[in-house]
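Asker: Input structure: work-v7.txt, which contains compact mmCIF, C-alpha atoms.
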```
# COMPACT_ATOMS: atom_id res chain seq x y z
CA MET N 1 158.61 151.94 59.92
CA THR N 2 159.14 148.18 60.46
CA THR N 3 158.83 148.59 64.25
CA LEU N 4 155.70 150.68 63.76
CA ALA N 5 153.69 147.93 62.04
CA PRO N 6 153.49 145.45 65.00
CA ILE N 7 152.66 148.24 67.44
CA VAL N 8 149.87 149.61 65.24
CA ALA N 9 148.67 146.01 64.75
CA LEU N 10 148.62 145.60 68.54
CA GLY N 11 146.48 148.74 68.91
CA VAL N 12 144.11 147.68 66.14
CA LEU N 13 143.79 144.14 67.57
CA ILE N 14 142.91 145.53 71.00
CA LEU N 15 140.14 147.62 69.41
CA VAL N 16 138.89 144.68 67.33
CA PHE N 17 138.89 142.22 70.26
CA GLY N 18 137.23 144.82 72.49
CA GLY N 19 134.55 145.34 69.83
CA ARG N 20 134.05 141.59 69.49
CA LEU N 21 133.63 141.26 73.25
CA LEU N 22 130.98 143.99 73.17
CA VAL N 23 129.12 142.41 70.25
CA GLN N 24 129.19 138.96 71.91
CA SER N 25 127.87 140.42 75.14
CA LEU N 26 125.15 142.45 73.47
CA SER N 27 123.98 139.39 71.54
CA GLY N 28 123.18 137.93 74.97
CA ARG N 29 124.77 134.53 74.42
CA ARG N 30 127.81 135.23 76.60
CA ASN N 31 125.92 136.05 79.77
CA ARG N 32 123.76 132.95 79.48
CA PRO N 33 125.18 130.01 81.41
CA VAL N 34 125.09 126.55 79.86
CA THR N 35 121.57 125.24 80.41
CA ILE N 36 120.08 121.74 80.42
CA GLU N 37 118.47 122.68 77.08
CA ASP N 38 121.90 123.40 75.56
CA PHE N 39 123.11 120.10 76.97
CA SER N 40 120.20 118.12 75.44
CA LEU N 41 120.55 119.90 72.09
CA ALA N 42 124.25 119.07 72.02
CA ARG N 43 123.50 115.40 72.71
CA THR N 44 120.92 115.34 69.90
CA ALA N 45 123.37 117.02 67.53
CA LEU N 46 126.03 114.44 68.38
CA ASP N 47 123.64 111.52 67.89
CA SER N 48 122.46 112.85 64.54
CA MET N 49 126.05 113.39 63.38
CA SER N 50 127.03 109.78 64.05
CA LEU N 51 123.83 108.49 62.43
CA GLU N 52 124.43 110.61 59.34
CA ALA N 53 127.95 109.28 58.72
CA THR N 54 126.85 106.44 56.39
CA ALA N 55 124.46 108.66 54.45
CA THR N 56 127.19 111.28 54.14
CA ARG N 57 129.66 108.85 52.60
CA ARG N 58 126.92 107.96 50.12
CA ILE N 59 126.65 111.61 48.95
CA PHE N 60 130.28 111.53 47.85
CA ALA N 61 130.34 107.88 46.70
CA ILE N 62 131.51 107.40 43.13
CA ASP N 63 129.46 104.16 42.62
CA ASP N 64 126.17 106.03 42.10
CA MET N 65 127.82 108.37 39.62
CA GLU N 66 129.29 105.43 37.70
CA PHE N 67 125.86 103.79 37.54
CA ILE N 68 124.21 106.98 36.19
CA ALA N 69 127.07 107.50 33.72
CA SER N 70 126.64 103.95 32.41
CA LYS N 71 123.08 104.86 31.27
CA GLY N 72 124.52 107.37 28.82
CA ALA N 73 121.94 110.11 29.48
CA LEU N 74 123.88 113.38 29.74
CA GLU N 75 120.94 115.40 31.04
CA LEU N 76 120.31 112.90 33.82
CA GLU N 77 124.01 112.92 34.68
CA GLN N 78 124.06 116.71 34.92
CA PHE N 79 120.92 116.72 37.06
CA PHE N 80 122.43 114.06 39.33
CA VAL N 81 125.70 115.99 39.79
CA LYS N 82 123.77 119.19 40.50
CA GLU N 83 121.60 117.48 43.08
CA ARG N 84 124.56 115.78 44.80
CA ARG N 85 126.52 119.05 44.81
CA SER N 86 123.69 120.87 46.53
CA LEU N 87 123.33 118.01 49.06
CA ALA N 88 127.08 118.02 49.73
CA VAL N 89 127.14 121.78 50.28
CA ARG N 90 124.15 121.59 52.63
CA TRP N 91 125.75 118.74 54.60
CA LEU N 92 129.05 120.62 54.86
CA ARG N 93 127.40 123.80 56.11
CA ALA N 94 125.29 121.87 58.62
CA THR N 95 128.39 120.01 59.88
CA GLN N 96 130.35 123.27 60.22
CA LYS N 97 127.46 124.80 62.16
CA GLN N 98 127.07 121.79 64.45
CA VAL N 99 130.78 121.53 65.21
CA ALA N 100 130.90 125.30 65.88
CA GLN N 101 127.98 124.99 68.30
CA LEU N 102 129.63 122.06 70.06
CA MET N 103 132.91 123.96 70.27
CA ASP N 104 131.05 126.90 71.77
CA LEU N 105 129.48 124.62 74.37
CA HIS N 106 132.85 123.00 75.09
CA LEU N 107 134.50 126.39 75.68
CA ARG N 108 131.71 127.57 77.93
CA LEU N 109 131.97 124.35 79.94
CA ALA N 110 135.76 124.53 79.91
CA SER N 111 135.68 127.90 81.63
CA TYR N 112 134.17 126.17 84.69
CA THR N 113 136.62 123.26 84.67
CA VAL N 114 138.73 123.37 87.80
CA GLU N 115 141.88 121.82 86.32
CA PRO N 116 141.90 122.37 82.55
CA SER N 117 144.89 121.13 80.56
CA PRO N 118 146.34 124.02 78.53
CA ARG N 119 148.05 121.51 76.24
CA PHE N 120 144.84 119.67 75.46
CA GLU N 121 142.95 122.93 74.97
CA PHE N 122 145.67 124.13 72.60
CA ARG N 123 145.57 120.92 70.56
CA LEU N 124 141.79 121.04 70.39
CA ALA N 125 141.99 124.65 69.18
CA ILE N 126 144.51 123.67 66.48
CA ASN N 127 142.30 120.77 65.39
CA TYR N 128 139.29 123.05 65.22
CA LEU N 129 141.24 125.58 63.17
CA CYS N 130 142.30 122.79 60.76
CA PHE N 131 138.70 121.60 60.55
CA VAL N 132 137.49 125.11 59.66
CA VAL N 133 140.18 125.51 56.98
CA VAL N 134 139.69 122.03 55.48
CA SER N 135 135.89 122.14 55.51
CA ASN N 136 135.94 125.54 53.79
CA ALA N 137 138.44 124.22 51.25
CA LEU N 138 136.10 121.26 50.69
CA LEU N 139 133.20 123.65 50.11
CA VAL N 140 135.19 125.42 47.39
CA LEU N 141 136.30 122.09 45.92
CA VAL N 142 132.73 120.77 45.80
CA TRP N 143 131.57 123.96 44.08
CA LEU N 144 134.38 123.89 41.55
CA ARG N 145 134.86 120.19 40.78
CA GLY N 146 131.73 118.50 42.08
CA PRO N 147 131.28 116.13 45.04
CA PHE N 148 132.87 113.06 43.46
CA ASN N 149 136.37 114.51 43.20
CA ALA N 150 136.67 115.30 46.87
CA ALA N 151 136.65 111.79 48.38
CA ARG N 152 139.95 112.08 50.29
CA ILE N 153 139.24 115.43 51.79
CA VAL N 154 135.75 114.21 52.74
CA SER N 155 137.30 111.28 54.62
CA TYR N 156 139.49 113.73 56.50
CA THR N 157 136.54 116.01 57.33
CA LEU N 158 134.51 113.05 58.53
CA SER N 159 137.35 111.72 60.68
CA VAL N 160 137.90 115.14 62.26
CA ALA N 161 134.15 115.53 62.81
CA ASP N 162 134.25 112.06 64.44
CA TYR N 163 137.07 113.26 66.67
CA PHE N 164 135.08 116.29 67.75
CA CYS N 165 132.03 114.10 68.33
CA TYR N 166 134.09 111.85 70.58
CA VAL N 167 135.67 114.71 72.52
CA PHE N 168 132.36 116.45 73.05
CA ASN N 169 130.55 113.21 73.83
CA THR N 170 133.12 112.34 76.50
CA ARG N 171 132.86 115.82 77.94
CA LEU N 172 129.08 115.65 78.01
CA ASP N 173 129.23 112.21 79.64
CA LYS N 174 131.38 113.70 82.38
CA THR N 175 129.17 116.74 82.84
CA ASP N 176 126.82 116.71 85.74
CA ALA N 177 123.63 117.92 84.03
CA VAL N 178 121.97 118.53 87.40
CA LYS N 179 124.46 121.32 88.09
CA LEU N 180 123.63 123.16 84.87
CA GLY N 181 121.37 126.21 84.88
CA VAL N 182 117.74 125.94 83.80
CA ALA N 183 116.98 129.60 83.15
CA ASN N 184 118.80 132.88 82.77
CA LEU N 185 118.21 134.34 86.20
CA PRO N 186 120.42 137.25 87.30
CA ARG N 187 122.07 136.77 90.68
CA SER N 188 122.92 139.64 92.98
CA VAL N 189 126.23 139.41 94.78
CA MET H 1 138.73 177.04 73.78
CA ALA H 2 137.86 173.53 72.52
CA THR H 3 140.97 172.10 74.21
CA ASN H 4 139.98 173.70 77.50
CA PHE H 5 136.45 172.34 77.15
CA ILE H 6 137.77 168.81 76.58
CA TRP H 7 140.16 169.14 79.52
CA TRP H 8 137.47 170.41 81.90
CA SER H 9 135.04 167.72 80.67
CA ALA H 10 137.62 165.02 81.45
CA VAL H 11 138.22 166.45 84.93
CA ALA H 12 134.47 166.70 85.60
CA LEU H 13 133.87 163.13 84.40
CA GLU H 14 136.70 161.79 86.56
CA ALA H 15 135.22 163.59 89.57
CA VAL H 16 131.76 162.17 88.76
CA LEU H 17 133.23 158.67 88.46
CA LEU H 18 134.89 158.95 91.85
CA PHE H 19 131.78 160.42 93.44
CA ARG H 20 129.48 157.70 92.04
CA GLY H 21 132.02 155.04 92.99
CA ALA H 22 132.04 156.27 96.58
CA SER H 23 128.27 156.68 96.85
CA GLU H 24 127.43 153.30 95.23
CA GLY H 25 130.07 151.34 97.12
CA LEU H 26 131.96 150.53 93.92
CA LEU H 27 135.22 151.76 95.42
CA ARG H 28 135.35 148.54 97.41
CA LYS H 29 134.49 146.45 94.36
CA TYR H 30 137.10 148.03 92.04
CA PRO H 31 139.68 149.66 94.36
CA LEU H 32 142.57 149.58 91.89
CA PHE H 33 140.48 151.12 89.11
CA TYR H 34 139.36 154.00 91.32
CA PHE H 35 142.93 154.44 92.51
CA TYR H 36 143.90 154.86 88.84
CA ILE H 37 141.14 157.45 88.29
CA GLY H 38 142.22 159.29 91.46
CA CYS H 39 145.80 159.19 90.22
CA ILE H 40 144.81 160.76 86.88
CA LEU H 41 142.80 163.48 88.61
CA ALA H 42 145.67 164.34 90.95
CA THR H 43 148.14 164.29 88.04
CA GLU H 44 145.99 166.66 86.02
CA PHE H 45 145.79 169.07 88.93
CA LEU H 46 149.58 168.96 89.44
CA ARG H 47 150.21 169.42 85.72
CA PHE H 48 147.92 172.42 85.69
CA CYS H 49 149.85 173.95 88.60
CA CYS H 50 153.18 173.23 86.89
CA TYR H 51 151.97 174.78 83.62
CA GLU H 52 150.78 177.90 85.44
CA PHE H 53 153.80 178.46 87.69
CA THR H 54 156.82 176.79 86.03
CA PRO H 55 155.99 176.35 82.32
CA SER H 56 159.66 175.68 81.42
CA LYS H 57 159.60 172.42 83.41
CA TYR H 58 156.24 171.32 82.06
CA GLN H 59 157.53 168.87 79.39
CA ALA H 60 159.76 166.91 81.79
CA PHE H 61 157.03 167.00 84.43
CA TYR H 62 154.39 165.85 81.93
CA TRP H 63 156.34 162.70 80.96
CA SER H 64 157.30 161.86 84.57
CA THR H 65 153.66 162.01 85.65
CA GLU H 66 152.66 160.08 82.51
CA VAL H 67 154.90 157.20 83.62
CA VAL H 68 153.24 157.28 87.06
CA THR H 69 149.71 157.12 85.57
CA ILE H 70 150.74 154.35 83.17
CA ALA H 71 152.16 152.38 86.10
CA ALA H 72 148.90 152.99 88.02
CA SER H 73 146.90 151.79 85.01
CA TYR H 74 148.47 148.31 85.49
CA GLY H 75 146.15 148.17 88.46
CA VAL H 76 143.21 148.23 86.05
CA ILE H 77 144.61 145.16 84.26
CA ILE H 78 144.93 143.40 87.62
CA GLU H 79 141.39 144.48 88.51
CA ILE H 80 139.96 143.19 85.22
CA PHE H 81 141.80 139.89 85.61
CA ARG H 82 140.82 139.47 89.26
CA ARG H 83 137.13 140.23 88.78
CA SER H 84 136.59 138.32 85.53
CA VAL H 85 138.13 134.98 86.47
CA ARG H 86 137.17 134.78 90.14
CA HIS H 87 134.50 132.12 89.39
CA HIS H 88 136.79 130.30 86.96
CA PRO H 89 139.74 128.91 88.94
CA GLY H 90 140.97 126.74 86.08
CA ILE H 91 140.95 129.61 83.57
CA ALA H 92 142.56 131.86 86.19
CA ARG H 93 145.54 129.51 86.44
CA MET H 94 145.87 129.31 82.66
CA VAL H 95 145.55 133.09 82.19
CA GLN H 96 148.08 133.73 84.94
CA ALA H 97 150.63 131.53 83.18
CA VAL H 98 150.00 133.15 79.76
CA LEU H 99 150.10 136.67 81.22
CA LEU H 100 153.38 135.92 82.96
CA VAL H 101 154.97 134.68 79.73
CA VAL H 102 153.69 137.72 77.77
CA PHE H 103 154.87 140.08 80.52
CA VAL H 104 158.39 138.63 80.57
CA LEU H 105 158.63 138.71 76.74
CA ALA H 106 157.33 142.27 76.47
CA LEU H 107 159.54 143.42 79.35
CA SER H 108 162.63 141.97 77.68
CA TYR H 109 161.67 143.75 74.45
CA ALA H 110 161.24 147.05 76.32
CA ALA H 111 164.52 146.50 78.22
CA THR H 112 166.46 146.32 74.96
CA ASP H 113 165.07 149.77 74.14
CA LEU H 114 166.11 151.11 77.51
CA LEU H 115 169.73 150.12 76.85
CA PHE H 116 169.98 153.14 74.56
CA VAL H 117 168.57 155.55 77.13
CA GLY H 118 172.00 156.79 78.26
CA ALA H 119 172.47 159.20 75.39
CA MET H 120 168.98 160.75 75.70
CA SER H 121 167.58 163.66 77.69
CA PHE H 122 165.63 162.86 80.88
CA ALA H 123 162.31 163.89 79.31
CA ARG H 124 162.91 161.69 76.26
CA ALA H 125 164.03 158.73 78.41
CA THR H 126 160.90 158.94 80.62
CA ALA H 127 158.72 159.32 77.54
CA GLU H 128 160.21 156.15 76.05
CA LEU H 129 159.84 154.28 79.33
CA GLY H 130 156.17 155.33 79.45
CA ARG H 131 155.68 154.21 75.86
CA ASP H 132 157.25 150.79 76.53
CA LEU H 133 155.17 150.31 79.67
CA ARG H 134 152.07 151.06 77.61
CA TYR H 135 153.07 148.53 74.95
CA ILE H 136 153.51 145.83 77.61
CA GLU H 137 150.13 146.76 79.04
CA GLY H 138 148.61 146.51 75.57
CA ALA H 139 150.07 143.03 75.06
CA LEU H 140 148.66 141.87 78.42
CA LEU H 141 145.26 143.37 77.63
CA LEU H 142 145.19 141.69 74.23
CA VAL H 143 145.81 138.27 75.83
CA LEU H 144 143.02 138.90 78.32
CA LEU H 145 140.57 140.01 75.60
CA TRP H 146 141.39 136.97 73.50
CA LEU H 147 140.83 134.60 76.41
CA PHE H 148 137.56 136.30 77.42
CA GLY H 149 136.32 135.92 73.85
CA ARG H 150 137.50 132.33 73.56
CA TYR H 151 136.11 131.00 76.83
CA ARG H 152 132.92 133.11 76.71
CA LEU H 153 133.39 134.28 80.29
CA SER H 154 130.28 135.83 81.80
CA LEU H 155 130.90 139.48 82.61
CA GLY H 156 128.61 141.80 84.52
CA PRO H 157 127.59 145.07 82.77
CA ASP H 158 129.88 147.17 84.97
CA LEU H 159 132.93 144.98 84.37
CA LEU H 160 132.11 144.79 80.67
CA GLY H 161 131.91 148.61 80.47
CA LEU H 162 135.21 148.89 82.34
CA ILE H 163 136.91 146.49 79.90
CA ILE H 164 135.40 148.07 76.76
CA GLY H 165 136.35 151.60 77.84
CA TYR H 166 139.82 150.51 78.83
CA SER H 167 140.40 148.63 75.55
CA PHE H 168 139.23 151.65 73.56
CA TRP H 169 141.57 153.95 75.48
CA ILE H 170 144.61 151.65 75.43
CA GLY H 171 144.12 150.72 71.74
CA PHE H 172 144.08 154.37 70.65
CA ASN H 173 146.83 155.33 73.07
CA ILE H 174 149.18 152.66 71.73
CA MET H 175 148.60 153.72 68.13
CA ASN H 176 149.11 157.34 69.10
CA LEU H 177 152.36 156.59 70.93
CA ALA H 178 153.64 154.56 68.00
CA PHE H 179 153.06 157.46 65.58
CA LEU H 180 154.21 160.09 68.09
CA PHE H 181 157.71 158.56 68.13
CA LEU H 182 157.83 158.54 64.35
CA PRO H 183 158.83 162.10 63.40
CA GLY H 184 157.35 163.81 60.38
CA ASN H 185 154.31 161.58 60.14
CA GLU H 186 151.23 163.60 59.20
CA PHE H 187 148.91 160.95 60.60
CA SER H 188 150.34 161.36 64.11
CA ILE H 189 149.19 165.01 64.25
CA GLY H 190 145.60 163.97 63.56
CA LEU H 191 145.78 161.14 66.08
CA ARG H 192 147.25 163.41 68.77
CA LYS H 193 144.30 165.78 68.36
CA LEU H 194 141.92 162.84 68.59
CA LEU H 195 143.48 161.34 71.74
CA PRO H 196 141.91 163.70 74.36
CA LEU H 197 138.53 163.08 72.75
CA THR H 198 139.01 159.32 73.00
CA PHE H 199 139.82 159.71 76.68
CA VAL H 200 136.63 161.71 77.24
CA ALA H 201 134.68 159.03 75.33
CA THR H 202 136.29 156.37 77.56
CA LEU H 203 135.31 158.29 80.69
CA ILE H 204 131.73 158.54 79.40
CA VAL H 205 131.65 154.74 78.86
CA TRP H 206 132.99 154.20 82.40
CA CYS H 207 130.50 156.69 83.87
CA VAL H 208 127.58 154.89 82.20
CA ALA H 209 128.82 151.40 83.14
CA LEU H 210 129.77 152.28 86.71
CA TRP H 211 126.88 154.60 87.48
CA SER H 212 125.35 152.12 89.91
CA TRP H 213 125.95 148.72 91.46
CA GLN H 214 124.96 146.02 88.94
CA PRO H 215 123.93 142.42 89.63
CA GLU H 216 126.39 139.79 88.43
CA PRO H 217 125.38 137.26 85.76
CA ALA H 218 124.02 133.92 86.88
CA LEU H 219 126.66 131.23 87.16
CA PRO H 220 126.31 127.46 87.13
CA ALA H 221 127.68 125.46 90.01
CA ILE H 222 131.42 124.99 89.64
CA GLU H 223 133.07 121.60 89.23
CA LEU H 224 130.75 120.55 86.42
CA GLU H 225 133.16 117.77 85.60
CA ARG H 226 134.82 115.29 87.86
CA ASP H 227 137.42 113.54 85.74
CA TYR H 228 139.09 116.04 83.46
CA GLU H 229 142.31 114.00 83.40
CA LEU H 230 140.45 110.94 82.13
CA LEU H 231 138.69 113.04 79.49
CA ALA H 232 141.98 114.56 78.34
CA ALA H 233 143.66 111.12 78.21
CA ARG H 234 140.84 109.65 76.11
CA SER H 235 140.85 112.66 73.81
CA ARG H 236 144.60 112.41 73.34
CA LEU H 237 144.21 108.75 72.34
CA LEU H 238 141.56 109.63 69.79
CA LEU H 239 143.64 112.52 68.50
CA ALA H 240 146.52 110.11 67.86
CA ARG H 241 144.15 107.75 66.01
CA THR H 242 142.78 110.59 63.90
CA SER H 243 146.28 111.77 63.04
CA SER H 244 147.30 108.28 61.89
CA ARG H 245 144.07 108.03 59.85
CA LEU H 246 144.86 111.39 58.29
CA ALA H 247 148.38 110.22 57.46
CA ARG H 248 146.93 107.13 55.75
CA ILE H 249 144.45 109.25 53.74
CA THR H 250 147.04 111.74 52.54
CA ARG H 251 149.64 109.06 51.69
CA PRO H 252 149.95 108.77 47.88
```
How does this structure look as structure tokens?

Answerer:
Amino acid sequence: MTTLAPIVALGVLILVFGGRLLVQSLSGRRNRPVTIEDFSLARTALDSMSLEATATRRIFAIDDMEFIASKGALELEQFFVKERRSLAVRWLRATQKQVAQLMDLHLRLASYTVEPSPRFEFRLAINYLCFVVVSNALLVLVWLRGPFNAARIVSYTLSVADYFCYVFNTRLDKTDAVKLGVANLPRSV
Amino acid sequence: MATNFIWWSAVALEAVLLFRGASEGLLRKYPLFYFYIGCILATEFLRFCCYEFTPSKYQAFYWSTEVVTIAASYGVIIEIFRRSVRHHPGIARMVQAVLLVVFVLALSYAATDLLFVGAMSFARATAELGRDLRYIEGALLLVLLWLFGRYRLSLGPDLLGLIIGYSFWIGFNIMNLAFLFLPGNEFSIGLRKLLPLTFVATLIVWCVALWSWQPEPALPAIELERDYELLAARSRLLLARTSSRLARITRP
């Protein structure tokens, strides 16, 4: 029975991955090459992420909370925490979405790289996996304990997001935008 | 009656696949895949003859021919790999290396099983060899599917249909083989009855996908980047900085 489990898992994984491939292809995103529009959107996303960094730290900053607490109005304090929590959650979800989009673009570009480094790709994948886990943990933490008790984990998330920004920015700098597609035109071979 | 219907449907679909492949010029595009289909068709004909004229030898003959078709199905893996990464030389190199590692690992695992073949009957030994070959094939296919999903490789509709049908068939086949070698399992009886149907479903998928010659998806010009080494070096530097920052943050 112990030898059966990995074999059945192998069969199930093949079916799941095959299904995922079909869903990805039917959604139409896979067959679309990276376009200049994707490239520009990625650049805008990267710029906005670096601009937002200061504002983001402010969402989680304890100073504002201390100031509100010093006023002694409990209702105001509760309203403030609620507002900051909702802002933090929205920022986290937006960051997750942007990093996922950039990762998608990176992988699509990577498939056309002539000499990719498997080691670098592996490390990037591990970093992305860590980012997904930590950012989701942060989401739960913000929901449960509020945004002001998650300062350390926020610093980590920001530094990893910075890392991704740098990696993607460097990649986009190196990408020859002229060689990207402009429209989804099928090509007969 | 139902079994005969399924059997004849499979034979008819295989013949249709070969006919369409020849008339649409797909035989040249996917030679190894059509060789596999031809192999299955020939095997089924030979098995039918064996069953009619020498039924006592059918079991041994069945498993010997099964090993041959499984070996031929490795051609489909090669075909999928060759066609999907031909515009992605970098990915092709990476996939080749990963496939080689998986193949060696899976082969060593299967070889340990074969050490105990001596005490078995010929039919049982061939059956186990076929099963192990299928497991190795499954592991290789899984790696390919994972990489296709990860790097969002553009696949034409015909190649996509070929991969989907093949994954469906291999996935079910592996589960069936796993349960088949586990005696007294009720679930294996149900799966065994389902297996011919899954093969017919696979053939239908292949017939639809390979009915005619399909245009390939548009591809951007290759060599989008010039200095990958520089990019990787810079990224490594930043990764080291991030790691040290993380260490500082987590330090009590």

Asker: Any idea what the distance is between atom CA of Tyr58 of chain H and atom CA of Gly138 of chain H?

Answerer: 26.8 Å

Asker: So which residues touch Leu41 of chain H within 7 Å, counting only C-alpha atoms, skipping near sequence neighbours fewer than 3 positions away, as a list in words?

Answerer: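 Surrounding residues, per the criterion: Val11, Glu14, Ile37, Gly38, Glu44 and Phe45 of chain H.
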
Asker: Measuring atom to atom with all atoms listed in the file, identify which of H:Tyr30, H:Trp169, H:Tyr51, H:Phe19 is nearest to chain N.

Answerer: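 Among H:Tyr30, H:Trp169, H:Tyr51, H:Phe19, it is H:Trp169 that comes nearest to chain N.
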
Asker: Return the single residue from N:Phe122, N:Tyr128, N:Tyr163, N:Trp143 that is closest to Ser86 of chain N, with distances computed using all atoms listed in the file.

Answerer: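 The closest residue to Ser86 of chain N is N:Trp143.
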
Asker: For atom CA of Leu10 of chain N and atom CA of Leu191 of chain H, determine how far apart the two atoms are, in Å to one decimal place.

Answerer: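 Going from atom CA of Leu10 of chain N over to atom CA of Leu191 of chain H, I get 16.0 Å.
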
Asker: Nearest residue to chain H out of N:Ser135, N:Ser70, N:Asn127, N:Gln78, using all atoms listed in the file?

Answerer: N:Asn127

Asker: What does the distance between atom CA of Tyr74 of chain H and atom CA of Phe35 of chain H come to in Å, to one decimal place?

Answerer: 10.8 Å

Asker: Given the choices H:Thr65, H:Ser154, H:Gln59, H:Thr126, which gets closest to Leu46 of chain H if the distance is worked out from only C-alpha atoms?

Answerer: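 Answer, going by the shortest atom-to-atom distance: H:Thr65.
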
Asker: Can you pull out the residues contacting Leu145 of chain H? Cut-off 9 Å, using only C-alpha atoms, and skip same-chain residues under 6 positions away; I want them as a ChimeraX atom specification.

Answerer: /N:14,17-18,21 /H:163,167

Asker: Closest to chain N among H:Ala201, H:Val68, H:Leu153, H:Leu26, using only C-alpha atoms?

Answerer: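 Between H:Ala201, H:Val68, H:Leu153, H:Leu26, the residue approaching chain N most closely is H:Leu153.
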
Asker: Could you give me the centre and size, in Å to one decimal, of an axis-aligned box around all listed atoms of segment 140-152 of chain H with 8 Å added on every side, as AutoDock Vina command-line options?

Answerer:
```
--center_x 140.8 --center_y 137.2 --center_z 76.0 --size_x 31.7 --size_y 28.4 --size_z 20.9
```

Asker: Looking at N:Arg90, N:Lys71, N:His106, N:Arg57, which one is nearest to Tyr156 of chain N, with distances taken over all atoms listed in the file?

Answerer: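 Comparing N:Arg90, N:Lys71, N:His106, N:Arg57 against Tyr156 of chain N, the winner is N:Arg57.
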
Asker: Neighbours of Ser9 of chain H within 12 Å (all atoms listed in the file; same-chain residues fewer than 3 positions away dropped), as an MDAnalysis selection string?

Answerer: chainID H and resid 2:6 12:16 41 196:197 199:204

Asker: Excluding same-chain residues fewer than 4 positions from Asn149 of chain N, what lies within 10 Å of it counting all atoms listed in the file, as a list in words?

Answerer: Phe60, Ala61, Ile62, Leu141, Val142, Leu144, Arg145, Ile153 and Val154 of chain N
